[in-house]
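The file input27.tsv comes next; it holds TSV, C-alpha atoms and all ligand atoms.
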chain	number	residue	atom	x	y	z
D	9	MET	CA	0.00	0.00	0.00
D	10	LEU	CA	2.82	2.40	0.92
D	11	SER	CA	4.64	1.68	-2.34
D	12	VAL	CA	1.53	2.49	-4.38
D	13	LEU	CA	-0.19	5.25	-2.42
D	14	GLY	CA	2.40	6.54	0.05
D	15	ALA	CA	3.23	9.86	-1.59
D	16	ASP	CA	2.55	12.13	1.38
D	17	GLN	CA	3.22	10.16	4.57
D	18	PRO	CA	4.50	11.71	7.80
D	19	GLY	CA	8.22	12.42	7.42
D	20	ASN	CA	10.19	12.41	4.18
D	21	TYR	CA	10.34	8.82	2.92
D	22	ILE	CA	8.71	7.79	-0.32
D	23	ILE	CA	8.97	4.06	-0.95
D	24	GLY	CA	8.65	2.64	-4.46
D	25	GLU	CA	8.36	4.08	-7.95
D	26	GLN	CA	4.57	4.18	-8.12
D	27	ALA	CA	4.36	6.27	-4.98
D	28	LEU	CA	7.20	8.45	-6.21
D	29	ARG	CA	5.41	8.95	-9.55
D	30	ARG	CA	2.31	10.09	-7.65
D	31	PHE	CA	4.42	12.52	-5.65
D	32	LEU	CA	6.14	13.91	-8.75
D	33	ASN	CA	2.80	14.37	-10.54
D	34	THR	CA	1.49	16.41	-7.62
D	35	GLN	CA	4.60	18.60	-7.61
D	36	GLN	CA	4.31	19.14	-11.36
D	37	GLN	CA	0.68	20.27	-11.16
D	38	ALA	CA	1.77	23.22	-9.00
D	39	ALA	CA	-1.05	22.58	-6.56
D	40	HIS	CA	-3.03	25.59	-5.40
D	41	PHE	CA	-2.47	26.90	-1.85
D	42	LEU	CA	-5.80	28.03	-0.38
D	43	ASN	CA	-6.28	31.62	0.82
D	44	ASP	CA	-8.15	32.45	4.03
D	45	ASP	CA	-11.26	33.40	2.06
D	46	GLU	CA	-11.34	30.10	0.16
D	47	ILE	CA	-11.46	27.67	3.04
D	48	ALA	CA	-15.06	28.35	4.11
D	49	ALA	CA	-16.12	26.75	0.83
D	50	ALA	CA	-13.28	24.22	0.50
D	51	TYR	CA	-13.11	22.65	3.97
D	52	PRO	CA	-16.72	21.42	4.21
D	53	THR	CA	-16.26	19.78	0.78
D	54	TYR	CA	-12.95	18.18	1.78
D	55	ALA	CA	-14.60	16.91	4.96
D	56	LEU	CA	-17.34	15.19	2.96
D	57	GLN	CA	-14.77	13.68	0.60
D	58	ALA	CA	-12.73	12.40	3.53
D	59	LEU	CA	-15.83	10.81	5.07
D	60	ASN	CA	-17.28	9.37	1.87
D	61	PHE	CA	-14.25	8.14	-0.04
D	62	GLY	CA	-11.60	7.61	2.56
D	63	ILE	CA	-9.15	10.42	2.18
D	64	ALA	CA	-8.77	12.62	-0.87
D	65	ASP	CA	-5.19	13.76	-1.30
D	66	SER	CA	-4.22	12.75	2.19
D	67	SER	CA	-1.93	10.73	4.34
D	68	ALA	CA	-2.18	11.21	8.05
D	69	ALA	CA	-3.18	8.08	9.94
D	70	GLY	CA	-5.21	8.22	13.18
D	71	GLU	CA	-8.69	8.08	14.68
D	72	PHE	CA	-10.19	11.52	14.08
D	73	PRO	CA	-11.52	12.10	10.57
D	74	LYS	CA	-9.03	14.38	8.88
D	75	PHE	CA	-7.53	15.56	5.61
D	76	THR	CA	-4.39	17.39	4.55
D	77	ALA	CA	-4.45	20.72	2.74
D	78	ARG	CA	-2.19	23.41	1.35
D	79	ARG	CA	-2.59	26.94	2.69
D	80	ALA	CA	-1.32	30.31	1.57
D	81	ARG	CA	-0.32	31.80	4.91
D	82	ASP	CA	2.78	34.04	5.35
D	83	VAL	CA	4.56	31.31	3.40
D	84	PRO	CA	3.05	28.29	1.59
D	85	THR	CA	2.06	25.97	4.43
D	86	HIS	CA	1.07	22.29	4.55
D	87	VAL	CA	-1.57	21.56	7.17
D	88	ILE	CA	-3.50	18.67	8.71
D	89	VAL	CA	-7.18	19.39	9.36
D	90	LYS	CA	-9.33	17.40	11.81
D	91	PHE	CA	-13.06	18.04	11.95
D	92	SER	CA	-16.17	17.29	13.98
D	93	GLY	CA	-19.48	15.91	12.70
D	94	GLU	CA	-22.23	18.32	11.72
D	95	ASP	CA	-25.04	16.81	13.85
D	96	ASP	CA	-26.45	19.13	16.46
D	97	THR	CA	-26.15	16.62	19.34
D	98	PRO	CA	-24.39	16.81	22.74
D	99	GLN	CA	-21.96	14.13	21.55
D	100	GLU	CA	-20.95	16.05	18.43
D	101	HIS	CA	-20.61	19.22	20.51
D	102	ARG	CA	-18.21	17.30	22.75
D	103	TRP	CA	-16.07	16.25	19.76
D	104	ALA	CA	-16.03	19.89	18.63
D	105	ASP	CA	-15.06	20.97	22.18
D	106	LEU	CA	-12.17	18.51	22.08
D	107	LEU	CA	-10.82	19.99	18.85
D	108	ILE	CA	-10.83	23.45	20.46
D	109	CYS	CA	-9.09	21.86	23.48
D	110	GLU	CA	-6.39	20.50	21.19
D	111	HIS	CA	-5.77	23.99	19.84
D	112	LEU	CA	-5.67	25.47	23.37
D	113	ALA	CA	-3.42	22.67	24.66
D	114	LEU	CA	-0.85	23.31	21.91
D	115	THR	CA	-1.09	27.06	22.53
D	116	THR	CA	-0.45	26.50	26.26
D	117	ILE	CA	2.44	24.11	25.60
D	118	ASN	CA	4.02	26.89	23.54
D	119	ASP	CA	3.42	29.99	25.60
D	120	THR	CA	3.28	28.63	29.17
D	121	LEU	CA	5.08	25.29	29.29
D	122	LYS	CA	7.69	26.78	26.91
D	123	LEU	CA	8.03	23.64	24.82
D	124	LYS	CA	7.65	23.51	21.06
D	125	ALA	CA	4.19	22.73	19.72
D	126	ALA	CA	2.81	22.91	16.23
D	127	ASN	CA	0.89	26.13	15.37
D	128	SER	CA	-2.82	25.59	15.09
D	129	ARG	CA	-6.14	27.40	14.70
D	130	ILE	CA	-9.89	26.76	14.79
D	131	TYR	CA	-12.51	27.50	12.13
D	132	GLN	CA	-16.24	26.90	12.28
D	133	PHE	CA	-18.16	26.49	9.02
D	134	ALA	CA	-21.21	24.60	7.83
D	135	GLY	CA	-22.01	23.27	11.30
D	136	ARG	CA	-18.57	21.70	11.71
D	137	THR	CA	-15.56	22.68	13.80
D	138	PHE	CA	-12.23	22.43	11.96
D	139	TYR	CA	-8.88	22.19	13.74
D	140	GLU	CA	-6.03	23.19	11.41
D	141	VAL	CA	-2.42	22.47	12.42
D	142	ASP	CA	0.76	23.33	10.50
D	143	ARG	CA	2.89	20.32	9.60
D	144	PHE	CA	6.38	20.41	11.07
D	145	ASP	CA	7.62	17.85	8.51
D	146	ARG	CA	6.86	20.20	5.59
D	147	HIS	CA	8.62	23.49	4.84
D	148	GLY	CA	7.34	25.99	2.29
D	149	GLU	CA	6.02	24.64	-0.98
D	150	PHE	CA	8.39	21.70	-1.51
D	151	GLY	CA	10.51	21.14	1.62
D	152	ARG	CA	10.16	17.82	3.47
D	153	SER	CA	12.00	16.62	6.54
D	154	GLY	CA	12.21	13.42	8.51
D	155	VAL	CA	10.35	12.46	11.65
D	156	CYS	CA	10.39	9.26	13.68
D	157	SER	CA	7.80	8.40	16.30
D	158	TRP	CA	8.65	6.92	19.68
D	159	HIS	CA	6.54	3.96	18.60
D	160	GLU	CA	9.04	3.01	15.87
D	161	LEU	CA	12.11	3.84	17.96
D	162	ASN	CA	10.87	1.84	20.91
D	163	ALA	CA	10.07	-1.16	18.72
D	164	ALA	CA	13.50	-1.03	17.07
D	165	LEU	CA	15.63	-0.30	20.14
D	166	PHE	CA	13.98	-1.44	23.36
D	167	GLY	CA	10.56	-3.02	23.03
D	168	GLY	CA	9.64	-1.30	26.29
D	169	THR	CA	6.09	-1.39	27.62
D	170	GLY	CA	6.37	1.44	30.17
D	171	ASN	CA	5.22	5.04	30.00
D	172	ARG	CA	6.97	7.89	28.22
D	173	SER	CA	9.14	8.81	31.19
D	174	ASP	CA	10.53	5.26	31.24
D	175	GLY	CA	11.17	5.65	27.52
D	176	ALA	CA	12.96	8.95	28.10
D	177	ASP	CA	15.24	7.26	30.67
D	178	ALA	CA	15.98	4.37	28.31
D	179	LEU	CA	16.88	6.76	25.47
D	180	LEU	CA	19.01	8.90	27.79
D	181	HIS	CA	20.94	5.94	29.21
D	182	ALA	CA	21.63	4.61	25.72
D	183	ASN	CA	22.88	8.09	24.74
D	184	TYR	CA	20.30	8.73	22.05
D	185	ILE	CA	18.94	11.93	23.61
D	186	SER	CA	20.19	14.72	25.86
D	187	GLU	CA	19.24	15.25	29.49
D	188	GLU	CA	17.28	18.32	28.36
D	189	THR	CA	15.20	16.29	25.89
D	190	ALA	CA	14.53	13.65	28.56
D	191	GLN	CA	13.23	16.37	30.90
D	192	GLN	CA	11.03	17.79	28.13
D	193	ILE	CA	9.46	14.37	27.54
D	194	LYS	CA	8.68	14.02	31.24
D	195	LEU	CA	7.26	17.53	31.46
D	196	LEU	CA	5.02	16.94	28.47
D	197	GLU	CA	3.82	13.65	29.93
D	198	GLN	CA	2.92	15.24	33.28
D	199	PHE	CA	1.11	18.05	31.50
D	200	GLY	CA	-0.77	15.47	29.43
D	201	ARG	CA	-1.95	13.70	32.57
D	202	MET	CA	-3.16	16.95	34.08
D	203	ILE	CA	-5.19	17.82	31.04
D	204	GLY	CA	-6.82	14.37	30.98
D	205	ASN	CA	-4.95	13.07	27.94
D	206	THR	CA	-5.56	9.34	28.24
D	207	ASP	CA	-4.35	8.74	24.68
D	208	MET	CA	-0.59	9.29	25.08
D	209	HIS	CA	0.36	6.18	23.13
D	210	ASP	CA	3.84	5.78	21.65
D	211	GLY	CA	2.73	7.09	18.25
D	212	ASN	CA	1.81	10.46	19.72
D	213	LEU	CA	5.40	11.44	20.55
D	214	ALA	CA	8.03	11.97	17.86
D	215	PHE	CA	11.64	12.93	17.28
D	216	LEU	CA	13.33	14.99	14.58
D	217	PRO	CA	16.42	13.59	12.79
D	218	ASP	CA	18.76	15.28	15.33
D	219	MET	CA	16.88	13.38	18.11
D	220	CYS	CA	15.44	16.56	19.56
D	221	LEU	CA	11.76	16.34	20.40
D	222	ALA	CA	9.42	17.15	17.50
D	223	PRO	CA	6.84	19.85	18.23
D	224	ALA	CA	4.03	18.47	20.40
D	225	TYR	CA	0.89	17.20	18.62
D	226	ASP	CA	-2.26	15.24	19.46
D	227	MET	CA	-2.46	16.55	23.04
D	228	LEU	CA	-6.07	16.87	24.23
D	229	PRO	CA	-8.30	15.69	27.10
D	230	MET	CA	-9.32	12.40	25.46
D	231	MET	CA	-10.72	11.14	28.77
D	232	TYR	CA	-13.75	13.31	27.97
D	233	ALA	CA	-14.30	11.81	24.51
D	234	PRO	CA	-17.74	10.23	24.09
D	235	GLN	CA	-17.40	6.55	24.94
D	236	ARG	CA	-17.63	4.20	21.95
D	237	GLY	CA	-17.87	7.43	20.01
D	238	VAL	CA	-21.31	8.38	21.31
D	239	GLU	CA	-21.93	8.04	25.04
D	240	LEU	CA	-21.12	10.97	27.35
D	241	VAL	CA	-19.95	9.47	30.62
D	242	GLU	CA	-19.22	11.61	33.67
D	243	ARG	CA	-15.44	11.55	34.35
D	244	LYS	CA	-13.32	12.96	37.13
D	245	LEU	CA	-9.80	14.23	36.49
D	246	ASN	CA	-7.53	12.60	39.03
D	247	PRO	CA	-3.85	12.60	38.04
D	248	ALA	CA	-1.38	10.95	40.43
D	249	LEU	CA	0.41	13.18	42.92
D	250	PRO	CA	4.19	13.37	42.48
D	251	LEU	CA	6.96	11.39	44.10
D	252	PRO	CA	9.75	13.64	45.46
D	253	LYS	CA	11.85	13.15	42.32
D	254	GLU	CA	8.88	14.21	40.17
D	255	ARG	CA	7.90	17.23	42.23
D	256	GLU	CA	9.61	19.99	40.29
D	257	ILE	CA	8.30	18.90	36.90
D	258	TRP	CA	4.88	18.14	38.36
D	259	LEU	CA	4.55	21.71	39.64
D	260	LEU	CA	5.59	23.20	36.30
D	261	ALA	CA	3.09	20.98	34.50
D	262	ALA	CA	0.38	21.82	37.04
D	263	SER	CA	0.70	25.57	36.63
D	264	ALA	CA	0.51	25.21	32.84
D	265	ALA	CA	-2.47	22.85	33.12
D	266	ARG	CA	-4.22	25.38	35.31
D	267	VAL	CA	-3.75	28.00	32.55
D	268	PHE	CA	-5.16	25.47	30.06
D	269	TRP	CA	-8.32	24.69	32.07
D	270	ARG	CA	-8.94	28.39	32.84
D	271	ARG	CA	-8.63	29.17	29.12
D	272	LEU	CA	-11.29	26.58	28.38
D	273	GLU	CA	-13.53	27.91	31.10
D	274	VAL	CA	-13.79	31.35	29.46
D	275	ASP	CA	-13.76	30.27	25.80
D	276	GLU	CA	-17.17	30.98	24.29
D	277	ARG	CA	-16.67	28.52	21.43
D	278	ILE	CA	-16.80	25.67	23.97
D	279	SER	CA	-20.13	24.30	25.23
D	280	LEU	CA	-21.27	25.50	28.66
D	281	ASP	CA	-21.31	21.96	29.97
D	282	PHE	CA	-17.62	21.45	29.21
D	283	ARG	CA	-16.64	24.92	30.42
D	284	ARG	CA	-18.10	23.95	33.78
D	285	ILE	CA	-15.96	20.77	33.84
D	286	ALA	CA	-12.91	22.90	32.97
D	287	GLY	CA	-13.61	25.17	35.95
D	288	VAL	CA	-13.82	22.20	38.32
D	289	ASN	CA	-10.51	20.84	36.99
D	290	ALA	CA	-8.76	24.20	37.37
D	291	GLY	CA	-10.01	24.25	40.97
D	292	TRP	CA	-8.66	20.74	41.55
D	293	ILE	CA	-5.21	21.84	40.40
D	294	ASP	CA	-5.35	25.04	42.49
D	295	ARG	CA	-6.07	22.98	45.57
D	296	PHE	CA	-3.14	20.59	45.14
D	297	VAL	CA	-0.65	23.21	44.03
D	298	ALA	CA	-1.56	25.24	47.11
D	301	LIG	N1	1.68	19.10	13.23
D	301	LIG	C1	2.05	17.96	12.66
D	301	LIG	N2	3.09	17.91	11.81
D	301	LIG	C2	3.46	16.75	11.23
D	301	LIG	N3	2.87	15.56	11.44
D	301	LIG	C3	1.83	15.53	12.29
D	301	LIG	C4	1.37	16.72	12.95
D	301	LIG	N4	0.30	16.38	13.72
D	301	LIG	C5	0.12	15.06	13.53
D	301	LIG	N5	1.03	14.54	12.68
D	301	LIG	C6	1.11	13.16	12.20
D	301	LIG	O1	-0.19	12.69	11.88
D	301	LIG	C7	-0.55	11.58	12.70
D	301	LIG	C8	-2.02	11.68	13.09
D	301	LIG	O2	-2.26	12.89	13.79
D	301	LIG	P1	-2.88	12.87	15.27
D	301	LIG	O3	-2.06	11.97	16.13
D	301	LIG	O4	-3.01	14.30	15.69
D	301	LIG	O5	-4.31	12.27	14.93
D	301	LIG	P2	-5.28	11.28	15.74
D	301	LIG	O6	-6.36	10.93	14.81
D	301	LIG	O7	-5.67	11.94	16.99
D	301	LIG	O8	-4.40	10.04	16.00
D	301	LIG	P3	-4.60	8.82	17.03
D	301	LIG	O9	-5.96	8.92	17.63
D	301	LIG	O10	-4.37	7.61	16.20
D	301	LIG	O11	-3.50	9.05	18.04
D	301	LIG	C9	0.41	11.64	13.88
D	301	LIG	O12	0.64	10.39	14.44
D	301	LIG	C10	1.67	12.23	13.25
D	301	LIG	O13	2.41	11.23	12.59
D	302	MG	MG	-2.31	10.49	17.29

As structure tokens - that is how I would like this structure written.
Ligand SMILES: Nc1ncnc2c1ncn2[C@@H]1O[C@H](COP(=O)(O)OP(=O)(O)OP(=O)(O)O)[C@@H](O)[C@H]1O
Ligand SMILES: [Mg+2]
Amino acid sequence: MLSVLGADQPGNYIIGEQALRRFLNTQQQAAHFLNDDEIAAAYPTYALQALNFGIADSSAAGEFPKFTARRARDVPTHVIVKFSGEDDTPQEHRWADLLICEHLALTTINDTLKLKAANSRIYQFAGRTFYEVDRFDRHGEFGRSGVCSWHELNAALFGGTGNRSDGADALLHANYISEETAQQIKLLEQFGRMIGNTDMHDGNLAFLPDMCLAPAYDMLPMMYAPQRGVELVERKLNPALPLPKEREIWLLAASAARVFWRRLEVDERISLDFRRIAGVNAGWIDRFVA
């Protein structure tokens, strides 16, 4: 499948001549980069194509429905776009809330946690919420760079079954990453726990070719996702308190998570129901930090 269709996978590999031919054809067509005023018409159509025919012109794996697109921003930019359903139900509102959470989580990772995160934004058209994130493995119109997820590295090097902090220690001890990168992985993991991200699997953490951490992606409070896609179950955020060796990072993560939950609480794009949950969670963090 990769050798036939894999012309736009994460990273920079293209495997096989058929896939390469596909890639070259796309480059030759000088594909159009969408302006801000074109996406209100284009994105709802792309969403329908992605739902009806698998993915048109796309690559990214994963669980959310999504497509890739080209955008004329300050420079030509390749983006991934995830979107919610258009039904006016509490469940669909929750999925839309979660996309806004993903945008706010990445924003908070950048400006408060001071780690790199991909730039993202939210649009709402045609009853759907669209989450658009800039690809860090694409640069301008043609540039492509490598990326390797912890999932692949772990399988190749260790076969570990622990959490990300265990992985960071294994990579550090084998001299693959610096102490600083190991600390960043741990900080991001603690932050993820405090924002209710129950989906921190090995594929949601990646490294650049120099073995620095790739910008953060796919960070959102998945514990609040509708169960089996549809059922809204009441959930209580309850991340573990820190051991002494974890205390410093835990406190940094907690103060950033508090900023995250307070941002949700006042964001009018988010449903009232979920803003109330965000307020409770911010209060929980206040209490333990105090
Ligand atoms: N900003 C980005 N730049 C480059 N690649 C990205 C970016 N965001 C995501 N990806 C790639 O696309 C894949 C799917 O994206 P993401 O993990 O956000 O979607 P998902 O549907 O939530 O995935 P899953 O539920 O399977 O974890 C990622 O595993 C990663 O390889
Ligand atoms: Mg993912």

*Extract, using only C-alpha atoms, all DNA, RNA and protein residues at most 12 Å from Gln132 in chain D, discarding same-chain residues fewer than 5 positions from it, and format them as number ranges by chain.*
D: 47-49, 51-52, 90-94, 104-105, 107-108, 137-140, 277-278

*Please write out the residues within 12 Å of ligand MG 302 (chain D) as a count of residues only, counting only C-alpha atoms and all ligand atoms.*
30

Per-axis box centre and lengths in Å around range 278-293 of chain D, 3 Å margin per side, axis-aligned, as JSON:
{"center_x": -13.3, "center_y": 23.2, "center_z": 32.8, "size_x": 22.1, "size_y": 10.9, "size_z": 23.6}

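A straight line drawn from CA of Ala27 in chain D to CA of Arg152 in chain D is 15.4 Å long.
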
*Work out how far CA of Asn183 in chain D is from atom O8 of ligand LIG 301 (chain D), in Å to one decimal.*
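Atom-to-atom, atom O8 of ligand LIG 301 (chain D) and CA of Asn183 in chain D are spaced 28.7 Å apart.
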
*So which residues fall inside 6 Å of (-13.1, 13.7, 5.4) if we count all atoms listed in the file? Mind giving them as a VMD selection string?*
chain D and resid 54 to 59 73 to 75

_Proximity to ligand LIG 301 (chain D) - best of D:Ala262, D:Val87, D:Leu32, D:Ala80, all atoms listed in the file_ =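 Among D:Ala262, D:Val87, D:Leu32, D:Ala80, it is D:Val87 that comes nearest to ligand LIG 301 (chain D).
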
*Between D:Ala233, D:Leu121, D:Val83, D:Ala134, single out the one closest to ligand LIG 301 (chain D), counting only C-alpha atoms and all ligand atoms.*
D:Ala233

*Check the smallest atom-to-atom distance from each of D:His40, D:Arg136, D:Arg81, D:His147 to ligand LIG 301 (chain D) using all atoms listed in the file, then report the winner.*
D:His147

*Do a neighbour search on Ile22 in chain D at 9 Å with all atoms listed in the file, toss out local chain neighbours closer than 5 positions, and write the hits as a PyMOL selection string.*
chain D and resi 10-11+14-17+27-28+31

_Proximity to ligand LIG 301 (chain D) - best of D:Glu46, D:Glu100, D:Glu25, D:Asp142, only C-alpha atoms and all ligand atoms_ = D:Asp142

*Pick from D:Cys156, D:Ala261, D:Leu195, D:Met231 nearest to ligand LIG 301 (chain D), counting all atoms listed in the file*: D:Cys156

*asked:* Report as a list of chain:residue names all protein, DNA and RNA residues lying within 10 Å of Asn162 in chain D, evaluated on only C-alpha atoms, omitting residues in the same chain fewer than 4 positions from it.
replied: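 Contacts, with the query itself left out: D:Ser157, D:Trp158, D:Phe166, D:Gly167, D:Gly168, D:Thr169, D:Gly175, D:Ala178, D:Leu179, D:Asp210.
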
Store the residues picked out above, limited to C-alpha atoms, as an mmCIF file, keeping the file's coordinate frame.
data_model
loop_
_atom_site.group_PDB
_atom_site.id
_atom_site.type_symbol
_atom_site.label_atom_id
_atom_site.label_comp_id
_atom_site.auth_asym_id
_atom_site.auth_seq_id
_atom_site.Cartn_x
_atom_site.Cartn_y
_atom_site.Cartn_z
ATOM 1 C CA SER D 157 7.800 8.400 16.300
ATOM 2 C CA TRP D 158 8.650 6.920 19.680
ATOM 3 C CA PHE D 166 13.980 -1.440 23.360
ATOM 4 C CA GLY D 167 10.560 -3.020 23.030
ATOM 5 C CA GLY D 168 9.640 -1.300 26.290
ATOM 6 C CA THR D 169 6.090 -1.390 27.620
ATOM 7 C CA GLY D 175 11.170 5.650 27.520
ATOM 8 C CA ALA D 178 15.980 4.370 28.310
ATOM 9 C CA LEU D 179 16.880 6.760 25.470
ATOM 10 C CA ASP D 210 3.840 5.780 21.650
#

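Of the listed residues (D:Arg129, D:Arg295, D:Lys194, D:Arg283), D:Arg129 comes nearest to ligand LIG 301 (chain D); the distances count all atoms listed in the file.
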
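Using only C-alpha atoms, the protein and nucleic acid residues lying at most 12 Å from the point (-15.5, 24.9, 36.0) are Arg266, Phe268, Trp269, Arg270, Arg271, Leu272, Glu273, Val274, Asp275, Ser279, Leu280, Asp281, Phe282, Arg283, Arg284, Ile285, Ala286, Gly287, Val288, Asn289, Ala290, Gly291, Trp292 and Ile293 of chain D.
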
Limited to C-alpha atoms, could you put the picked residues into a file as a PDB file, in the frame of the given file?
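Output (result.pdb):
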ATOM      1  CA  ARG D 266      -4.220  25.380  35.310  1.00  0.00           C
ATOM      2  CA  PHE D 268      -5.160  25.470  30.060  1.00  0.00           C
ATOM      3  CA  TRP D 269      -8.320  24.690  32.070  1.00  0.00           C
ATOM      4  CA  ARG D 270      -8.940  28.390  32.840  1.00  0.00           C
ATOM      5  CA  ARG D 271      -8.630  29.170  29.120  1.00  0.00           C
ATOM      6  CA  LEU D 272     -11.290  26.580  28.380  1.00  0.00           C
ATOM      7  CA  GLU D 273     -13.530  27.910  31.100  1.00  0.00           C
ATOM      8  CA  VAL D 274     -13.790  31.350  29.460  1.00  0.00           C
ATOM      9  CA  ASP D 275     -13.760  30.270  25.800  1.00  0.00           C
ATOM     10  CA  SER D 279     -20.130  24.300  25.230  1.00  0.00           C
ATOM     11  CA  LEU D 280     -21.270  25.500  28.660  1.00  0.00           C
ATOM     12  CA  ASP D 281     -21.310  21.960  29.970  1.00  0.00           C
ATOM     13  CA  PHE D 282     -17.620  21.450  29.210  1.00  0.00           C
ATOM     14  CA  ARG D 283     -16.640  24.920  30.420  1.00  0.00           C
ATOM     15  CA  ARG D 284     -18.100  23.950  33.780  1.00  0.00           C
ATOM     16  CA  ILE D 285     -15.960  20.770  33.840  1.00  0.00           C
ATOM     17  CA  ALA D 286     -12.910  22.900  32.970  1.00  0.00           C
ATOM     18  CA  GLY D 287     -13.610  25.170  35.950  1.00  0.00           C
ATOM     19  CA  VAL D 288     -13.820  22.200  38.320  1.00  0.00           C
ATOM     20  CA  ASN D 289     -10.510  20.840  36.990  1.00  0.00           C
ATOM     21  CA  ALA D 290      -8.760  24.200  37.370  1.00  0.00           C
ATOM     22  CA  GLY D 291     -10.010  24.250  40.970  1.00  0.00           C
ATOM     23  CA  TRP D 292      -8.660  20.740  41.550  1.00  0.00           C
ATOM     24  CA  ILE D 293      -5.210  21.840  40.400  1.00  0.00           C
TER      25      ILE D 293
END

*With a distance cut-off of 12 Å and all atoms listed in the file, select the neighbouring residues of Pro223 in chain D, excluding the residue or stretch itself and same-chain residues fewer than 5 positions from it, and output the selection as a PyMOL selection string.*
chain D and resi 114-115+117-118+122-128+141-145+155+157+189+192-193+196+212-216

Would you save the residues of that selection, restricted to C-alpha atoms, as a PDB file, in the frame of the given file?
ATOM      1  CA  LEU D 114      -0.850  23.310  21.910  1.00  0.00           C
ATOM      2  CA  THR D 115      -1.090  27.060  22.530  1.00  0.00           C
ATOM      3  CA  ILE D 117       2.440  24.110  25.600  1.00  0.00           C
ATOM      4  CA  ASN D 118       4.020  26.890  23.540  1.00  0.00           C
ATOM      5  CA  LYS D 122       7.690  26.780  26.910  1.00  0.00           C
ATOM      6  CA  LEU D 123       8.030  23.640  24.820  1.00  0.00           C
ATOM      7  CA  LYS D 124       7.650  23.510  21.060  1.00  0.00           C
ATOM      8  CA  ALA D 125       4.190  22.730  19.720  1.00  0.00           C
ATOM      9  CA  ALA D 126       2.810  22.910  16.230  1.00  0.00           C
ATOM     10  CA  ASN D 127       0.890  26.130  15.370  1.00  0.00           C
ATOM     11  CA  SER D 128      -2.820  25.590  15.090  1.00  0.00           C
ATOM     12  CA  VAL D 141      -2.420  22.470  12.420  1.00  0.00           C
ATOM     13  CA  ASP D 142       0.760  23.330  10.500  1.00  0.00           C
ATOM     14  CA  ARG D 143       2.890  20.320   9.600  1.00  0.00           C
ATOM     15  CA  PHE D 144       6.380  20.410  11.070  1.00  0.00           C
ATOM     16  CA  ASP D 145       7.620  17.850   8.510  1.00  0.00           C
ATOM     17  CA  VAL D 155      10.350  12.460  11.650  1.00  0.00           C
ATOM     18  CA  SER D 157       7.800   8.400  16.300  1.00  0.00           C
ATOM     19  CA  THR D 189      15.200  16.290  25.890  1.00  0.00           C
ATOM     20  CA  GLN D 192      11.030  17.790  28.130  1.00  0.00           C
ATOM     21  CA  ILE D 193       9.460  14.370  27.540  1.00  0.00           C
ATOM     22  CA  LEU D 196       5.020  16.940  28.470  1.00  0.00           C
ATOM     23  CA  ASN D 212       1.810  10.460  19.720  1.00  0.00           C
ATOM     24  CA  LEU D 213       5.400  11.440  20.550  1.00  0.00           C
ATOM     25  CA  ALA D 214       8.030  11.970  17.860  1.00  0.00           C
ATOM     26  CA  PHE D 215      11.640  12.930  17.280  1.00  0.00           C
ATOM     27  CA  LEU D 216      13.330  14.990  14.580  1.00  0.00           C
TER      28      LEU D 216
END
